[in-house]
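Pasting structure_21.txt here (compact mmCIF, C-alpha atoms (C1' of nucleotides)):
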# COMPACT_ATOMS: atom_id res chain seq x y z
CA MET A 251 -4.47 14.74 -14.53
CA ALA A 252 -8.06 15.05 -13.49
CA ASN A 253 -8.64 11.84 -11.57
CA THR A 254 -5.69 12.43 -9.31
CA ALA A 255 -8.15 14.15 -6.99
CA ARG A 256 -10.35 11.07 -7.01
CA LEU A 257 -7.35 8.87 -6.34
CA ILE A 258 -6.16 10.81 -3.32
CA SER A 259 -9.59 11.18 -1.78
CA ALA A 260 -10.08 7.46 -2.27
CA LEU A 261 -6.86 6.79 -0.37
CA ALA A 262 -7.78 9.30 2.32
CA ASP A 263 -10.32 7.09 4.09
CA PRO A 264 -8.83 4.78 6.77
CA THR A 265 -11.30 1.97 6.09
CA ARG A 266 -10.45 2.07 2.41
CA ARG A 267 -6.74 1.85 3.21
CA ALA A 268 -7.48 -1.15 5.44
CA VAL A 269 -9.29 -2.78 2.52
CA LEU A 270 -6.32 -2.22 0.24
CA GLU A 271 -4.03 -3.53 2.97
CA LYS A 272 -5.96 -6.80 2.94
CA LEU A 273 -5.86 -6.94 -0.84
CA LYS A 274 -2.13 -6.30 -0.82
CA ASP A 275 -1.45 -9.97 -0.10
CA GLY A 276 -3.75 -11.26 -2.80
CA PRO A 277 -7.30 -11.35 -4.22
CA ARG A 278 -10.20 -11.67 -1.77
CA PRO A 279 -14.00 -11.96 -1.91
CA VAL A 280 -16.04 -9.19 -0.29
CA GLY A 281 -17.12 -11.22 2.72
CA GLU A 282 -13.57 -12.11 3.60
CA ILE A 283 -12.52 -8.49 3.33
CA ALA A 284 -15.32 -7.37 5.62
CA ARG A 285 -14.41 -10.01 8.20
CA GLY A 286 -12.12 -8.43 10.77
CA LEU A 287 -13.02 -4.88 9.82
CA PRO A 288 -15.07 -2.81 12.28
CA VAL A 289 -17.75 -2.02 9.66
CA THR A 290 -20.57 -3.98 8.03
CA ARG A 291 -20.34 -5.69 4.66
CA PRO A 292 -22.44 -3.09 2.78
CA ALA A 293 -20.01 -0.43 3.94
CA VAL A 294 -17.15 -2.43 2.50
CA SER A 295 -19.11 -2.82 -0.71
CA GLN A 296 -19.51 0.93 -1.00
CA HIS A 297 -15.82 1.47 -0.38
CA LEU A 298 -14.94 -1.07 -3.05
CA LYS A 299 -17.11 0.86 -5.50
CA VAL A 300 -15.16 4.04 -4.76
CA LEU A 301 -11.84 2.22 -5.06
CA LYS A 302 -12.95 0.74 -8.37
CA GLU A 303 -13.96 4.13 -9.79
CA ALA A 304 -10.59 5.51 -8.69
CA GLY A 305 -8.80 2.76 -10.62
CA LEU A 306 -7.33 1.15 -7.54
CA VAL A 307 -9.10 -2.24 -7.72
CA ILE A 308 -10.56 -4.61 -10.29
CA ASP A 309 -13.36 -7.10 -9.70
CA ARG A 310 -14.25 -10.45 -11.23
CA SER A 311 -17.36 -12.55 -10.70
CA VAL A 312 -16.87 -16.20 -9.74
CA GLY A 313 -20.19 -17.92 -9.18
CA THR A 314 -22.06 -16.07 -6.48
CA ARG A 315 -18.91 -14.44 -5.23
CA ARG A 316 -17.05 -11.36 -6.39
CA ILE A 317 -13.28 -11.37 -6.19
CA TYR A 318 -11.40 -8.10 -5.87
CA TYR A 319 -7.81 -7.46 -7.00
CA ILE A 320 -5.54 -4.48 -6.59
CA ASP A 321 -5.14 -2.57 -9.86
CA PRO A 322 -1.52 -1.45 -10.27
CA LYS A 323 -2.67 1.22 -12.72
CA GLY A 324 -4.11 3.45 -10.01
CA LEU A 325 -1.03 3.19 -7.83
CA GLY A 326 1.09 3.98 -10.88
CA THR A 327 -0.61 7.27 -11.73
CA MET A 328 -0.54 8.18 -8.05
CA ARG A 329 3.19 7.60 -8.01
CA ALA A 330 3.65 9.65 -11.17
CA TRP A 331 1.78 12.60 -9.68
CA LEU A 332 3.81 12.46 -6.49
CA ASP A 333 7.10 12.22 -8.39
CA GLN A 334 6.29 15.24 -10.59
CA PHE A 335 5.38 17.18 -7.50
CA TRP A 336 8.41 16.03 -5.59
CA ASP A 337 10.89 17.07 -8.27
CA SER A 338 9.82 20.67 -8.75
CA ALA A 339 9.22 21.15 -5.04
CA LEU A 340 12.74 19.98 -4.28
CA ASP A 341 14.13 22.38 -6.87
CA ALA A 342 12.25 25.26 -5.30
CA PHE A 343 13.51 24.24 -1.88
CA LYS A 344 17.13 24.18 -3.01
CA LEU A 345 16.75 27.54 -4.74
CA ALA A 346 15.25 29.09 -1.63
CA ALA A 347 18.12 27.72 0.47
CA GLU A 348 20.65 29.29 -1.90
CA VAL A 349 18.92 32.65 -1.83
CA GLU A 350 18.98 32.52 1.96
CA ALA A 351 22.68 31.69 1.94
CA GLU A 352 23.42 34.69 -0.28
CA LYS A 353 21.40 36.98 1.96
CA ALA A 354 23.31 35.73 4.98
CA ALA A 355 26.63 36.29 3.20
CA LYS A 356 25.65 39.87 2.31
CA LYS A 357 24.68 40.51 5.91
CA ASP A 358 28.05 39.26 7.08
CA HIS A 359 30.24 41.90 5.47
CA GLU A 360 28.20 45.01 6.28
CA MET B 20 4.27 4.90 10.10
CA ALA B 21 1.54 6.63 12.05
CA ASN B 22 1.40 10.06 10.44
CA THR B 23 0.92 8.63 6.97
CA ALA B 24 -2.79 8.99 7.63
CA ARG B 25 -2.33 12.64 8.49
CA LEU B 26 -0.25 13.14 5.35
CA ILE B 27 -2.81 11.66 3.00
CA SER B 28 -5.78 13.43 4.54
CA ALA B 29 -3.81 16.66 4.31
CA LEU B 30 -3.27 16.06 0.60
CA ALA B 31 -6.90 15.08 0.11
CA ASP B 32 -8.31 18.60 0.23
CA PRO B 33 -8.36 20.45 -3.14
CA THR B 34 -7.69 23.85 -1.58
CA ARG B 35 -4.69 22.46 0.23
CA ARG B 36 -3.33 21.01 -3.00
CA ALA B 37 -3.81 24.41 -4.64
CA VAL B 38 -1.78 25.97 -1.84
CA LEU B 39 1.02 23.46 -2.35
CA GLU B 40 0.82 24.08 -6.07
CA LYS B 41 1.54 27.77 -5.47
CA LEU B 42 4.36 26.93 -3.08
CA LYS B 43 5.84 24.55 -5.64
CA ASP B 44 7.47 27.46 -7.49
CA GLY B 45 8.94 29.04 -4.38
CA PRO B 46 8.28 30.52 -0.92
CA ARG B 47 5.27 32.79 -0.49
CA PRO B 48 3.69 34.90 2.27
CA VAL B 49 0.15 34.00 3.34
CA GLY B 50 -1.52 36.95 1.66
CA GLU B 51 0.02 36.17 -1.67
CA ILE B 52 -1.07 32.55 -1.40
CA ALA B 53 -4.64 33.55 -0.61
CA ARG B 54 -4.72 35.93 -3.58
CA GLY B 55 -6.22 34.10 -6.53
CA LEU B 56 -7.74 31.33 -4.44
CA PRO B 57 -11.54 31.22 -4.08
CA VAL B 58 -11.36 31.26 -0.28
CA THR B 59 -10.59 33.90 2.34
CA ARG B 60 -7.24 34.38 4.03
CA PRO B 61 -8.25 32.81 7.37
CA ALA B 62 -9.20 29.67 5.48
CA VAL B 63 -5.75 29.56 3.91
CA SER B 64 -4.23 30.08 7.33
CA GLN B 65 -6.10 27.07 8.68
CA HIS B 66 -4.99 24.96 5.75
CA LEU B 67 -1.38 26.00 6.28
CA LYS B 68 -1.65 24.88 9.88
CA VAL B 69 -2.80 21.44 8.77
CA LEU B 70 -0.06 21.23 6.14
CA LYS B 71 2.50 22.21 8.75
CA GLU B 72 1.33 19.55 11.21
CA ALA B 73 1.51 17.00 8.42
CA GLY B 74 5.13 17.94 7.72
CA LEU B 75 4.44 19.29 4.26
CA VAL B 76 5.40 22.95 4.84
CA ILE B 77 7.72 25.01 7.01
CA ASP B 78 7.18 28.63 8.03
CA ARG B 79 9.52 31.49 8.86
CA SER B 80 8.66 34.90 10.27
CA VAL B 81 10.03 37.94 8.44
CA GLY B 82 8.87 41.13 10.11
CA THR B 83 5.11 41.17 10.14
CA ARG B 84 4.91 38.59 7.41
CA ARG B 85 5.15 34.83 7.54
CA ILE B 86 6.83 33.01 4.67
CA TYR B 87 5.86 29.43 3.88
CA TYR B 88 8.11 26.85 2.20
CA ILE B 89 7.43 23.33 1.02
CA ASP B 90 9.03 20.76 3.33
CA PRO B 91 10.56 17.91 1.26
CA LYS B 92 10.43 15.68 4.32
CA GLY B 93 6.67 15.18 4.13
CA LEU B 94 6.74 14.38 0.43
CA GLY B 95 9.57 11.94 1.10
CA THR B 96 7.71 9.84 3.67
CA MET B 97 4.65 9.93 1.42
CA ARG B 98 6.71 8.56 -1.42
CA ALA B 99 8.19 5.88 0.79
CA TRP B 100 4.75 4.71 1.87
CA LEU B 101 3.50 4.59 -1.69
CA ASP B 102 6.58 2.70 -2.89
CA GLN B 103 6.27 0.07 -0.19
CA PHE B 104 2.63 -0.36 -1.09
CA TRP B 105 3.31 -0.43 -4.79
CA ASP B 106 5.93 -3.19 -4.56
CA SER B 107 3.94 -5.76 -2.62
CA ALA B 108 0.77 -4.98 -4.55
CA LEU B 109 2.55 -5.58 -7.84
CA ASP B 110 3.87 -8.89 -6.54
CA ALA B 111 0.38 -9.97 -5.54
CA PHE B 112 -0.94 -8.94 -8.94
CA LYS B 113 1.68 -10.95 -10.81
CA LEU B 114 1.05 -13.98 -8.62
CA ALA B 115 -2.68 -13.80 -9.23
CA ALA B 116 -2.09 -13.54 -12.98
CA GLU B 117 0.08 -16.66 -12.89
CA VAL B 118 -2.51 -18.62 -10.95
CA GLU B 119 -5.10 -17.59 -13.50
CA ALA B 120 -2.86 -18.69 -16.37
CA GLU B 121 -2.41 -22.12 -14.79
CA LYS B 122 -6.15 -22.49 -14.32
CA ALA B 123 -6.72 -21.61 -17.96
CA ALA B 124 -4.11 -24.13 -19.09
CA LYS B 125 -5.76 -26.86 -17.06
CA LYS B 126 -9.12 -26.01 -18.58
CA ASP B 127 -7.62 -26.22 -22.07
CA HIS B 128 -6.72 -29.92 -22.05
CA GLU B 129 -9.85 -31.34 -20.52
C1' DC C 265 1.74 57.16 20.25
C1' DT C 266 -1.21 56.23 16.47
C1' DC C 267 -2.45 53.91 12.59
C1' DA C 268 -2.07 50.59 8.87
C1' DT C 269 -0.67 46.05 7.43
C1' DT C 270 -0.22 41.15 8.00
C1' DG C 271 -1.79 36.81 10.20
C1' DG C 272 -3.39 33.46 13.65
C1' DT C 273 -7.67 32.06 16.35
C1' DT C 274 -12.44 31.14 17.62
C1' DA C 275 -17.56 30.46 17.19
C1' DG C 276 -20.89 28.97 14.48
C1' DC C 277 -22.91 27.35 10.14
C1' DC C 278 -23.31 24.05 6.62
C1' DT C 279 -22.21 20.44 3.32
C1' DA C 280 -19.80 15.98 2.02
C1' DG C 281 -19.55 11.48 2.99
C1' DA C 282 -19.23 7.26 6.09
C1' DC C 283 -22.26 4.17 8.29
C1' DT C 284 -26.36 0.99 9.26
C1' DA C 285 -30.82 -1.12 8.28
C1' DA C 286 -33.67 -3.01 5.04
C1' DC C 287 -34.41 -4.75 0.60
C1' DG C 288 -33.78 -7.09 -3.99
C1' DG C 289 -31.09 -10.08 -7.09
C1' DT C 290 -28.40 -14.15 -8.46
C1' DA C 291 -26.05 -18.69 -8.17
C1' DA C 292 -25.52 -23.32 -6.04
C1' DG C 293 -27.30 -27.14 -3.35
C1' DT C 294 -31.18 -30.24 -1.90
C1' DA D 13 -39.40 -25.09 -5.99
C1' DC D 14 -37.28 -23.95 -1.71
C1' DT D 15 -33.49 -22.55 0.90
C1' DT D 16 -29.02 -20.75 1.81
C1' DA D 17 -25.02 -17.96 0.86
C1' DC D 18 -23.01 -13.94 -1.16
C1' DC D 19 -23.36 -9.35 -2.80
C1' DG D 20 -24.98 -4.55 -4.56
C1' DT D 21 -28.19 -0.57 -3.74
C1' DT D 22 -30.96 2.88 -1.48
C1' DA D 23 -32.92 5.81 2.27
C1' DG D 24 -31.88 8.07 6.14
C1' DT D 25 -28.93 9.47 10.10
C1' DC D 26 -24.96 11.55 12.00
C1' DT D 27 -20.32 13.24 12.44
C1' DA D 28 -15.92 15.38 10.58
C1' DG D 29 -14.19 19.22 8.70
C1' DG D 30 -14.11 23.37 5.48
C1' DC D 31 -15.73 28.08 5.30
C1' DT D 32 -16.81 32.94 6.84
C1' DA D 33 -17.27 36.67 10.15
C1' DA D 34 -15.43 38.83 13.91
C1' DC D 35 -11.75 39.53 16.93
C1' DC D 36 -7.03 39.93 18.78
C1' DA D 37 -1.71 40.18 18.50
C1' DA D 38 2.55 41.89 16.54
C1' DT D 39 5.41 44.68 13.57
C1' DG D 40 6.72 48.86 10.93
C1' DA D 41 5.92 53.68 9.32
C1' DG D 42 4.67 58.39 10.27

Starting from the coordinates I provided, produce the structure as structure tokens.
Amino acid sequence: MANTARLISALADPTRRAVLEKLKDGPRPVGEIARGLPVTRPAVSQHLKVLKEAGLVIDRSVGTRRIYYIDPKGLGTMRAWLDQFWDSALDAFKLAAEVEAEKAAKKDHE
Amino acid sequence: MANTARLISALADPTRRAVLEKLKDGPRPVGEIARGLPVTRPAVSQHLKVLKEAGLVIDRSVGTRRIYYIDPKGLGTMRAWLDQFWDSALDAFKLAAEVEAEKAAKKDHE
DNA sequence: CTCATTGGTTAGCCTAGACTAACGGTAAGT
DNA sequence: ACTTACCGTTAGTCTAGGCTAACCAATGAG
């Protein structure tokens, strides 16, 4: 998956996570998102562009305002990547633990 | 959860993900991890330090070598954070879709 | 004891990207 | 037409952090 990198780096920025945190409770216009955040509105606008390209948000124009939603698609692929990673890593961990146990057993009776 | 930020920023770097990808198949010493990567060994060592502080790897000294394992704990908390986020975001998305459907229905019979 | 191997650490350089200021563009109200 | 509100974009600055080179510490072999 190529855009996994884009997804993770999009989630890496604290301001961007704060934006998503606000959107978690429902759709919001840009101005309302920027209110309460320690950055200016253009900064929020740039972050929303990154989040959109990563597939984490969707936008919709209503009059002069632009409403942003969370896109479940992005979170889904992120979850899939993490799950795939988690499974094989856990297998490797168990295997390593078993190998260690065998080594310890061999050491015992010598 | 405070170290979620540290976890995500640790996963954000491509080199660090490549290191984890190598460790996914089993424990490796530092030199073997660095072999095949486009960076020098000290760079890998620095990345391993970050991954260790984030709770993503564990290390164990064997003679003059240092073996690195993947720590399932870090991946677990990462998964928990993502799940929590995913659930409430999906709820918000469904709610927004319903509101939109009601608006459309109202528009229909006027 | 000497030397080779394996790794962690530091200083310094350099690029990616987060931020603000200023501007332009569009929709609604008067 | 004029004004106000809301938003995206660009130029430019500045900091965080990734990289290498050089150095030091520890272990094992001879």

For this session: Taking (6.8, 33.2, 10.6) in the file's own coordinates, collect the residues within 12 Å, counting all atoms listed in the file, and hand them back as a PyMOL selection string.
Result: (chain B and resi 46-49+64+67-68+71+76-88) or (chain C and resi 270-272) or (chain D and resi 38-39)

For this session: Could you give me, as number ranges by chain, the residues within 10 Å of region 14-29 of chain D, counting only C-alpha atoms (C1' of nucleotides) and dropping anything in the same chain fewer than 5 positions from it?
Result: A: 279-281, 291-292, 295-296, 299, 313-316; C: 279-294

Env of region 25-36 of chain B: 9 Å cut, atoms = only C-alpha atoms (C1' of nucleotides), seq-sep filter 4 positions within chain, self excluded. Answer as an mmCIF file with C-alpha atoms, in the frame of the given file.
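File produced: out02.cif:
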data_model
loop_
_atom_site.group_PDB
_atom_site.id
_atom_site.type_symbol
_atom_site.label_atom_id
_atom_site.label_comp_id
_atom_site.auth_asym_id
_atom_site.auth_seq_id
_atom_site.Cartn_x
_atom_site.Cartn_y
_atom_site.Cartn_z
ATOM 1 C CA ALA A 255 -8.150 14.150 -6.990
ATOM 2 C CA ARG A 256 -10.350 11.070 -7.010
ATOM 3 C CA LEU A 257 -7.350 8.870 -6.340
ATOM 4 C CA ILE A 258 -6.160 10.810 -3.320
ATOM 5 C CA SER A 259 -9.590 11.180 -1.780
ATOM 6 C CA ALA A 260 -10.080 7.460 -2.270
ATOM 7 C CA LEU A 261 -6.860 6.790 -0.370
ATOM 8 C CA ALA A 262 -7.780 9.300 2.320
ATOM 9 C CA ASP A 263 -10.320 7.090 4.090
ATOM 10 C CA ALA B 21 1.540 6.630 12.050
ATOM 11 C CA GLU B 40 0.820 24.080 -6.070
ATOM 12 C CA LYS B 41 1.540 27.770 -5.470
ATOM 13 C CA LEU B 56 -7.740 31.330 -4.440
ATOM 14 C CA PRO B 57 -11.540 31.220 -4.080
ATOM 15 C CA VAL B 58 -11.360 31.260 -0.280
ATOM 16 C CA VAL B 63 -5.750 29.560 3.910
ATOM 17 C CA HIS B 66 -4.990 24.960 5.750
ATOM 18 C CA LEU B 67 -1.380 26.000 6.280
ATOM 19 C CA VAL B 69 -2.800 21.440 8.770
ATOM 20 C CA LEU B 70 -0.060 21.230 6.140
ATOM 21 C CA GLU B 72 1.330 19.550 11.210
ATOM 22 C CA ALA B 73 1.510 17.000 8.420
ATOM 23 C CA GLY B 74 5.130 17.940 7.720
ATOM 24 C CA LEU B 75 4.440 19.290 4.260
ATOM 25 C CA GLY B 93 6.670 15.180 4.130
ATOM 26 C CA LEU B 94 6.740 14.380 0.430
ATOM 27 C CA THR B 96 7.710 9.840 3.670
ATOM 28 C CA MET B 97 4.650 9.930 1.420
#

Problem set entry | Counting only C-alpha atoms (C1' of nucleotides), the residue of A:Ala284, A:Ala268, A:Asp333, A:Thr254 that sits nearest chain D | A:Ala284

Exercise. Which distance in Å separates CA of Trp100 (chain B) and CA of Ala339 (chain A), to one decimal?
Worked result: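 CA of Ala339 (chain A) lies at a distance of 18.4 Å from CA of Trp100 (chain B).
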
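Interatomic distance, C1' of DA37 (chain D) to CA of Gly45 (chain B): 27.6 Å.
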
For this session: Figure out the distance between CA of Glu282 (chain A) and CA of Pro322 (chain A), please, to one decimal in Å.
Result: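 So the answer is 21.2 Å.
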
For this session: For each of A:Leu332, A:Ala293, A:Ile320, A:Ala342, take the minimum atom-to-atom distance to chain D, counting only C-alpha atoms (C1' of nucleotides), then give the residue where this is smallest.
Result: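 The shortest atom-to-atom distance to chain D comes from A:Ala293.
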
For this session: Choose the residue, out of A:Gln334, A:Thr290, A:Leu340, A:Asn253, that has the smallest atom-to-atom separation from chain B; count all atoms listed in the file.
Result: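 Using all atoms listed in the file, chain B sits closest to A:Leu340.
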
Centre and edge lengths of an axis-aligned box around all listed atoms of region 18-28 of chain D, with 3 Å added on each side, are to be given in Å to one decimal, as lines of an AutoDock Vina configuration file.
center_x = -24.4
center_y = 0.7
center_z = 3.9
size_x = 23.0
size_y = 35.3
size_z = 23.0
